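Trainee: The structure file final10.pdb (PDB, C-alpha atoms and all ligand atoms) is provided below.
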ATOM      1  CA  MET A   1      48.031  35.678   7.328
ATOM      2  CA  LYS A   2      46.914  34.025   4.171
ATOM      3  CA  LEU A   3      47.270  30.632   5.744
ATOM      4  CA  PHE A   4      45.316  31.833   8.739
ATOM      5  CA  GLN A   5      42.523  33.078   6.491
ATOM      6  CA  THR A   6      42.420  29.796   4.668
ATOM      7  CA  LEU A   7      42.298  27.894   7.896
ATOM      8  CA  SER A   8      39.625  30.125   9.311
ATOM      9  CA  GLN A   9      37.664  29.804   6.084
ATOM     10  CA  ARG A  10      37.975  26.060   6.334
ATOM     11  CA  PHE A  11      36.922  26.212   9.923
ATOM     12  CA  LEU A  12      33.943  28.352   8.927
ATOM     13  CA  SER A  13      32.951  25.980   6.136
ATOM     14  CA  LEU A  14      33.176  23.077   8.532
ATOM     15  CA  PHE A  15      31.179  25.033  11.070
ATOM     16  CA  PHE A  16      28.427  25.787   8.535
ATOM     17  CA  ALA A  17      28.475  22.236   7.262
ATOM     18  CA  LEU A  18      27.937  21.044  10.819
ATOM     19  CA  ILE A  19      25.090  23.508  11.289
ATOM     20  CA  LEU A  20      23.532  22.266   8.057
ATOM     21  CA  LEU A  21      23.885  18.665   9.182
ATOM     22  CA  ALA A  22      22.422  19.514  12.531
ATOM     23  CA  SER A  23      19.471  21.295  10.971
ATOM     24  CA  CYS A  24      18.939  18.330   8.645
ATOM     25  CA  SER A  25      18.811  15.907  11.506
ATOM     26  CA  ASP A  26      16.600  18.296  13.464
ATOM     27  CA  GLU A  27      14.216  18.275  10.538
ATOM     28  CA  LYS A  28      14.183  14.478  10.547
ATOM     29  CA  ASP A  29      13.592  14.345  14.264
ATOM     30  CA  ASP A  30      10.578  16.594  13.789
ATOM     31  CA  PHE A  31       8.756  13.922  11.833
ATOM     32  CA  VAL A  32       5.859  12.585  13.833
ATOM     33  CA  PRO A  33       3.824   9.972  11.996
ATOM     34  CA  VAL A  34       0.069  10.436  12.096
ATOM     35  CA  TYR A  35      -2.402   7.598  12.361
ATOM     36  CA  ASN A  36      -5.881   8.635  11.363
ATOM     37  CA  VAL A  37      -8.116   5.951   9.918
ATOM     38  CA  PRO A  38     -11.902   6.366   9.724
ATOM     39  CA  GLU A  39     -13.865   3.757  11.694
ATOM     40  CA  GLU A  40     -15.268   2.390   8.450
ATOM     41  CA  TYR A  41     -11.809   1.192   7.387
ATOM     42  CA  GLN A  42     -10.365   0.114  10.733
ATOM     43  CA  PRO A  43     -11.659  -3.513  10.575
ATOM     44  CA  LEU A  44      -9.864  -3.898   7.238
ATOM     45  CA  ILE A  45      -6.655  -2.495   8.695
ATOM     46  CA  ASP A  46      -6.968  -5.010  11.561
ATOM     47  CA  ALA A  47      -7.570  -7.783   9.007
ATOM     48  CA  PHE A  48      -4.474  -6.719   7.033
ATOM     49  CA  ILE A  49      -2.306  -6.856  10.166
ATOM     50  CA  GLU A  50      -3.805 -10.230  11.102
ATOM     51  CA  GLU A  51      -3.278 -11.723   7.624
ATOM     52  CA  ALA A  52       0.317 -10.456   7.663
ATOM     53  CA  PHE A  53       0.852 -11.993  11.109
ATOM     54  CA  LEU A  54      -0.531 -15.355   9.919
ATOM     55  CA  ARG A  55       2.200 -15.221   7.257
ATOM     56  CA  GLY A  56       4.999 -14.437   9.681
ATOM     57  CA  LEU A  57       5.054 -10.633   9.261
ATOM     58  CA  THR A  58       4.558  -8.367  12.243
ATOM     59  CA  ILE A  59       3.215  -4.994  11.159
ATOM     60  CA  THR A  60       2.717  -2.095  13.524
ATOM     61  CA  LEU A  61       0.801   0.708  11.901
ATOM     62  CA  GLU A  62       1.448   4.172  13.296
ATOM     63  CA  ASN A  63       1.943   5.991  10.034
ATOM     64  CA  LEU A  64      -1.244   6.022   7.994
ATOM     65  CA  ILE A  65      -3.944   8.490   7.098
ATOM     66  CA  ILE A  66      -6.978   7.284   5.197
ATOM     67  CA  LYS A  67      -9.390   9.810   3.827
ATOM     68  CA  HIS A  68     -12.042  10.360   1.216
ATOM     69  CA  ASP A  69     -11.075  12.708  -1.544
ATOM     70  CA  ASN A  70     -13.608  14.182  -3.938
ATOM     71  CA  GLU A  71     -10.758  15.568  -6.003
ATOM     72  CA  LEU A  72      -9.524  12.127  -7.081
ATOM     73  CA  GLU A  73      -9.861  11.546 -10.785
ATOM     74  CA  SER A  74     -13.078   9.632 -11.311
ATOM     75  CA  ALA A  75     -11.203   6.747 -12.939
ATOM     76  CA  PHE A  76      -9.427   6.002  -9.655
ATOM     77  CA  CYS A  77     -10.978   4.147  -6.759
ATOM     78  CA  GLY A  78      -8.054   4.776  -4.474
ATOM     79  CA  THR A  79      -4.463   5.958  -4.384
ATOM     80  CA  CYS A  80      -1.524   5.787  -2.031
ATOM     81  CA  ASN A  81       1.021   8.607  -1.994
ATOM     82  CA  SER A  82       3.996   6.255  -1.744
ATOM     83  CA  ASN A  83       5.147   2.857  -2.852
ATOM     84  CA  GLU A  84       8.514   3.042  -1.183
ATOM     85  CA  LEU A  85       9.458   1.883   2.273
ATOM     86  CA  LYS A  86      10.431   5.373   3.442
ATOM     87  CA  ALA A  87      10.150   5.477   7.206
ATOM     88  CA  ARG A  88       9.982   9.239   7.657
ATOM     89  CA  PHE A  89       7.228  10.001   5.222
ATOM     90  CA  GLN A  90       3.562  10.402   6.031
ATOM     91  CA  LYS A  91       1.598   7.672   4.238
ATOM     92  CA  ILE A  92      -1.790   8.766   2.942
ATOM     93  CA  ILE A  93      -4.412   6.645   1.192
ATOM     94  CA  ARG A  94      -7.255   8.452  -0.548
ATOM     95  CA  PHE A  95     -10.463   6.759  -1.624
ATOM     96  CA  ASN A  96     -12.899   8.151  -4.113
ATOM     97  CA  PRO A  97     -16.267   8.588  -2.378
ATOM     98  CA  GLU A  98     -18.000   9.411  -5.663
ATOM     99  CA  ASN A  99     -17.191   6.096  -7.308
ATOM    100  CA  GLN A 100     -19.217   3.009  -6.568
ATOM    101  CA  CYS A 101     -15.977   1.094  -6.561
ATOM    102  CA  TRP A 102     -16.996  -2.014  -4.681
ATOM    103  CA  ILE A 103     -20.235  -3.916  -4.493
ATOM    104  CA  ASN A 104     -19.209  -6.654  -2.063
ATOM    105  CA  PRO A 105     -16.902  -6.902   0.971
ATOM    106  CA  GLN A 106     -14.266  -8.845  -0.973
ATOM    107  CA  GLN A 107     -13.881  -6.050  -3.515
ATOM    108  CA  LYS A 108     -13.634  -3.447  -0.769
ATOM    109  CA  GLU A 109     -11.020  -5.549   1.044
ATOM    110  CA  ALA A 110      -9.052  -6.083  -2.195
ATOM    111  CA  LEU A 111      -9.023  -2.326  -2.846
ATOM    112  CA  VAL A 112      -7.891  -1.452   0.687
ATOM    113  CA  PHE A 113      -5.277  -4.263   0.754
ATOM    114  CA  HIS A 114      -4.007  -3.174  -2.681
ATOM    115  CA  GLU A 115      -3.454   0.379  -1.440
ATOM    116  CA  LEU A 116      -1.841  -0.934   1.761
ATOM    117  CA  GLY A 117       0.353  -3.047  -0.528
ATOM    118  CA  HIS A 118       1.699   0.205  -1.989
ATOM    119  CA  CYS A 119       1.762   2.290   1.171
ATOM    120  CA  ILE A 120       2.837  -0.216   3.822
ATOM    121  CA  LEU A 121       4.558  -3.038   1.917
ATOM    122  CA  GLY A 122       6.160  -0.784  -0.699
ATOM    123  CA  ARG A 123       4.843  -2.935  -3.544
ATOM    124  CA  LEU A 124       4.543  -1.760  -7.129
ATOM    125  CA  HIS A 125       1.991  -2.686  -9.764
ATOM    126  CA  ILE A 126       2.368  -6.069 -11.440
ATOM    127  CA  ASN A 127       0.846  -6.751 -14.830
ATOM    128  CA  LYS A 128       1.887 -10.411 -15.075
ATOM    129  CA  LYS A 129      -0.716 -13.138 -15.577
ATOM    130  CA  LEU A 130      -1.081 -16.658 -14.226
ATOM    131  CA  PRO A 131      -1.192 -19.525 -16.789
ATOM    132  CA  ASN A 132      -5.033 -19.432 -16.790
ATOM    133  CA  GLY A 133      -5.049 -15.714 -17.599
ATOM    134  CA  ASP A 134      -5.913 -14.475 -14.104
ATOM    135  CA  ALA A 135      -3.830 -11.680 -12.604
ATOM    136  CA  LYS A 136      -0.663 -12.983 -10.941
ATOM    137  CA  SER A 137      -1.044 -10.528  -8.102
ATOM    138  CA  MET A 138      -3.649  -8.370  -6.448
ATOM    139  CA  MET A 139      -1.128  -5.596  -7.140
ATOM    140  CA  THR A 140      -2.485  -5.670 -10.679
ATOM    141  CA  PRO A 141      -3.791  -2.220 -11.554
ATOM    142  CA  ASN A 142      -7.523  -1.606 -11.866
ATOM    143  CA  ASP A 143      -8.928  -4.937 -10.742
ATOM    144  CA  ILE A 144     -10.473  -5.338  -7.322
ATOM    145  CA  SER A 145     -12.376  -8.511  -8.314
ATOM    146  CA  VAL A 146      -9.507 -11.014  -8.210
ATOM    147  CA  TYR A 147     -11.173 -12.933  -5.358
ATOM    148  CA  SER A 148     -14.686 -11.600  -5.604
ATOM    149  CA  PRO A 149     -17.833 -13.732  -5.498
ATOM    150  CA  CYS A 150     -20.131 -13.685  -8.528
ATOM    151  CA  VAL A 151     -21.320 -10.191  -9.244
ATOM    152  CA  TYR A 152     -24.272 -11.111 -11.445
ATOM    153  CA  GLN A 153     -25.454 -14.657 -11.090
ATOM    154  CA  LEU A 154     -28.533 -16.177 -12.693
ATOM    155  CA  ASP A 155     -30.523 -18.857 -10.880
ATOM    156  CA  GLY A 156     -29.023 -22.290 -11.391
ATOM    157  CA  GLU A 157     -25.898 -20.957 -13.067
ATOM    158  CA  VAL A 158     -22.714 -22.877 -12.324
ATOM    159  CA  GLU A 159     -20.658 -20.896  -9.839
ATOM    160  CA  ASP A 160     -17.589 -20.519 -12.045
ATOM    161  CA  CYS A 161     -17.726 -16.786 -11.503
ATOM    162  CA  ASN A 162     -17.123 -17.286  -7.786
ATOM    163  CA  ASN A 163     -13.468 -16.511  -7.111
ATOM    164  CA  VAL A 164     -13.573 -16.376  -3.312
ATOM    165  CA  PHE A 165     -11.396 -19.524  -3.053
ATOM    166  CA  LYS A 166      -8.527 -17.611  -4.709
ATOM    167  CA  ARG A 167      -8.199 -15.214  -1.759
ATOM    168  CA  ASP A 168      -5.590 -17.341   0.098
ATOM    169  CA  TYR A 169      -3.243 -17.300  -2.880
ATOM    170  CA  TYR A 170      -3.635 -13.577  -3.527
ATOM    171  CA  LEU A 171      -2.963 -12.733   0.116
ATOM    172  CA  ASP A 172       0.053 -15.100   0.206
ATOM    173  CA  GLU A 173       1.396 -13.338  -2.881
ATOM    174  CA  LEU A 174       0.650  -9.874  -1.466
ATOM    175  CA  PHE A 175       2.867 -10.500   1.555
ATOM    176  CA  ASP A 176       5.424 -12.624  -0.343
ATOM    177  CA  ALA A 177       5.890 -11.936  -4.048
ATOM    178  CA  THR A 178       7.872 -15.185  -4.421
ATOM    179  CA  THR A 179       4.795 -17.309  -3.620
ATOM    180  CA  PRO A 180       4.569 -20.181  -6.153
ATOM    181  CA  ILE A 181       1.665 -20.084  -8.605
ATOM    182  CA  PRO A 182      -1.423 -21.930  -7.355
ATOM    183  CA  GLU A 183      -2.737 -25.273  -8.621
ATOM    184  CA  TRP A 184      -6.032 -23.730  -9.757
ATOM    185  CA  SER A 185      -4.207 -21.489 -12.218
ATOM    186  CA  LYS A 186      -2.457 -24.311 -14.113
TER     187      LYS A 186
HETATM  188 ZN    ZN L   1      -2.258   0.494  -7.352
END
Go ahead and render the structure in this file as structure tokens.
Ligand SMILES: [Zn+2]

Mentor:
Amino acid sequence: MKLFQTLSQRFLSLFFALILLASCSDEKDDFVPVYNVPEEYQPLIDAFIEEAFLRGLTITLENLIIKHDNELESAFCGTCNSNELKARFQKIIRFNPENQCWINPQQKEALVFHELGHCILGRLHINKKLPNGDAKSMMTPNDISVYSPCVYQLDGEVEDCNNVFKRDYYLDELFDATTPIPEWSK
């Protein structure tokens, strides 16, 4: 009798374990990624996919919500809720509509690509510098001007504030962190 009880208990535990497993996998199967990107940001998403493709990466984006969030701390221009490559997790990027975060298209692109770097590529922040003192990566925190044109330029001033030519390197590095440092940084 005792043996029978033990066996039936074991059977019951196994039974419940199976139910638990089944409910876990049911939960996973319930995940349906949402894609909801405001029109304003869609051209930048297309550009991100295109730039990735030019570098040999095929990205299909079905899991991304972009929204404005007045609740974001004023110090932040944008955040992504994940920097891991978890497949079954809704990725959400929030931008701060109150902040005048960008003043040219390059800064806006750098901000959006930086957040996509977290959310879609699973990249973390990098604080390293290039030999000339520039950020090594556009995954540097708090700088959306790494390949920006001059922000304030006086007439006749030499264009050494124009960093647009650095864009190729920063995008190479975004999609491949092992990209060698560029000539212009030596
Ligand atoms: Zn960041």

Trainee: Could you list, as JSON, numbers by chain, every residue matched by the PyMOL selection byres (((not hetatm)) within 8 of (chain L and resi 1)) in this structure?

Mentor: {"A": [78, 79, 80, 114, 115, 118, 124, 125, 139, 140, 141, 142]}

Trainee: Selected residues, C-alpha atoms, written as a compact mmCIF listing (two decimals), in the coordinates of the input, please.

Mentor:
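Okay, this is what ended up in selection_7.txt:
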# COMPACT_ATOMS: atom_id res chain seq x y z
CA GLY A 78 -8.05 4.78 -4.47
CA THR A 79 -4.46 5.96 -4.38
CA CYS A 80 -1.52 5.79 -2.03
CA HIS A 114 -4.01 -3.17 -2.68
CA GLU A 115 -3.45 0.38 -1.44
CA HIS A 118 1.70 0.20 -1.99
CA LEU A 124 4.54 -1.76 -7.13
CA HIS A 125 1.99 -2.69 -9.76
CA MET A 139 -1.13 -5.60 -7.14
CA THR A 140 -2.48 -5.67 -10.68
CA PRO A 141 -3.79 -2.22 -11.55
CA ASN A 142 -7.52 -1.61 -11.87

Trainee: If I take CA of Ile66 in chain A and CA of Asp168 in chain A, how far is one from the other in Å, to one decimal?

Mentor: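 CA of Asp168 in chain A lies at a distance of 25.2 Å from CA of Ile66 in chain A.
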
Trainee: Nearest residue to Cys161 in chain A out of A:Val37, A:Leu174, A:Val146, A:Ala135, using only C-alpha atoms?

Mentor: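 Result for the nearest residue to Cys161 in chain A: A:Val146.
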
Trainee: Given only C-alpha atoms as the basis, pick out the residue of A:Leu116, A:Phe76, A:Asp69, A:Glu109 nearest to Arg94 in chain A.

Mentor: A:Asp69

Trainee: Neighbours of Gln107 in chain A within 10 Å (only C-alpha atoms; same-chain residues fewer than 2 positions away dropped), as a ChimeraX atom specification?

Mentor: /A:101-105,109-113,143-149

Trainee: Find the residues near Leu64 in chain A: any atom within 7 Å, counting only C-alpha atoms, skip ones fewer than 2 places away on the same chain, and give them as a CSV table (one decimal) with C-alpha atoms, keeping the file's coordinate frame.

Mentor:
chain,number,residue,atom,x,y,z
A,34,VAL,CA,0.1,10.4,12.1
A,35,TYR,CA,-2.4,7.6,12.4
A,36,ASN,CA,-5.9,8.6,11.4
A,61,LEU,CA,0.8,0.7,11.9
A,62,GLU,CA,1.4,4.2,13.3
A,66,ILE,CA,-7.0,7.3,5.2
A,90,GLN,CA,3.6,10.4,6.0
A,91,LYS,CA,1.6,7.7,4.2
A,92,ILE,CA,-1.8,8.8,2.9

Trainee: Rank nothing, just name the residue among A:Asn70, A:Thr179, A:Thr58, A:Ser82 nearest to Ser137 in chain A, using all atoms listed in the file.

Mentor: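 Between A:Asn70, A:Thr179, A:Thr58, A:Ser82, the residue approaching Ser137 in chain A most closely is A:Thr179.
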
Trainee: Could you jot down the CA of Leu121 in chain A to CA of His68 in chain A separation for me, Å, one decimal place?

Mentor: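 Atom-to-atom, CA of Leu121 in chain A to CA of His68 in chain A, that is 21.3 Å.
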
Trainee: Which one is closest to Phe48 in chain A: A:Gly117, A:Arg88, A:Lys129, A:Asn163? Count all atoms listed in the file.

Mentor: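 Among A:Gly117, A:Arg88, A:Lys129, A:Asn163, it is A:Gly117 that comes nearest to Phe48 in chain A.
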
Trainee: May I ask which of the residues A:Lys86, A:Lys67, A:Lys186, A:Arg55 is the closest one to Gly122 in chain A, counting all atoms listed in the file?

Mentor: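 Among the listed residues, the smallest separation from Gly122 in chain A belongs to A:Lys86.
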
Trainee: Could you give me, as a PyMOL selection string, the residues within 12 Å of Ile181 in chain A, counting all atoms listed in the file and dropping anything in the same chain fewer than 2 positions from it?

Mentor: chain A and resi 128-132+134-137+166+168-170+172-173+176-179+183-186

Trainee: Atoms to include: C-alpha atoms. Write the selected residues as a PDB file, keeping the file's coordinate frame.

Mentor:
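See result_6.pdb below for the written result:
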ATOM      1  CA  LYS A 128       1.887 -10.411 -15.075  1.00  0.00           C
ATOM      2  CA  LYS A 129      -0.716 -13.138 -15.577  1.00  0.00           C
ATOM      3  CA  LEU A 130      -1.081 -16.658 -14.226  1.00  0.00           C
ATOM      4  CA  PRO A 131      -1.192 -19.525 -16.789  1.00  0.00           C
ATOM      5  CA  ASN A 132      -5.033 -19.432 -16.790  1.00  0.00           C
ATOM      6  CA  ASP A 134      -5.913 -14.475 -14.104  1.00  0.00           C
ATOM      7  CA  ALA A 135      -3.830 -11.680 -12.604  1.00  0.00           C
ATOM      8  CA  LYS A 136      -0.663 -12.983 -10.941  1.00  0.00           C
ATOM      9  CA  SER A 137      -1.044 -10.528  -8.102  1.00  0.00           C
ATOM     10  CA  LYS A 166      -8.527 -17.611  -4.709  1.00  0.00           C
ATOM     11  CA  ASP A 168      -5.590 -17.341   0.098  1.00  0.00           C
ATOM     12  CA  TYR A 169      -3.243 -17.300  -2.880  1.00  0.00           C
ATOM     13  CA  TYR A 170      -3.635 -13.577  -3.527  1.00  0.00           C
ATOM     14  CA  ASP A 172       0.053 -15.100   0.206  1.00  0.00           C
ATOM     15  CA  GLU A 173       1.396 -13.338  -2.881  1.00  0.00           C
ATOM     16  CA  ASP A 176       5.424 -12.624  -0.343  1.00  0.00           C
ATOM     17  CA  ALA A 177       5.890 -11.936  -4.048  1.00  0.00           C
ATOM     18  CA  THR A 178       7.872 -15.185  -4.421  1.00  0.00           C
ATOM     19  CA  THR A 179       4.795 -17.309  -3.620  1.00  0.00           C
ATOM     20  CA  GLU A 183      -2.737 -25.273  -8.621  1.00  0.00           C
ATOM     21  CA  TRP A 184      -6.032 -23.730  -9.757  1.00  0.00           C
ATOM     22  CA  SER A 185      -4.207 -21.489 -12.218  1.00  0.00           C
ATOM     23  CA  LYS A 186      -2.457 -24.311 -14.113  1.00  0.00           C
TER      24      LYS A 186
END

Trainee: Expressed in Å to a single decimal, how great is the separation between CA of Arg123 in chain A and CA of Pro97 in chain A?

Mentor: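 Computing the Euclidean distance for CA of Arg123 in chain A and CA of Pro97 in chain A yields 24.1 Å.
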
Trainee: Taking into account all atoms listed in the file, which residue in the set A:Gln100, A:Ile126, A:Gln106, A:Asp30 is nearest to Phe165 in chain A?

Mentor: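 Smallest separation from Phe165 in chain A among the options: A:Gln106.
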
Trainee: Expand the PyMOL selection byres (((chain A and resi 59) around 9) and not hetatm) into the individual residues it matches in the shown file, reporting them as a PyMOL selection string.

Mentor: chain A and resi 48-50+52-53+57-58+60-61+120
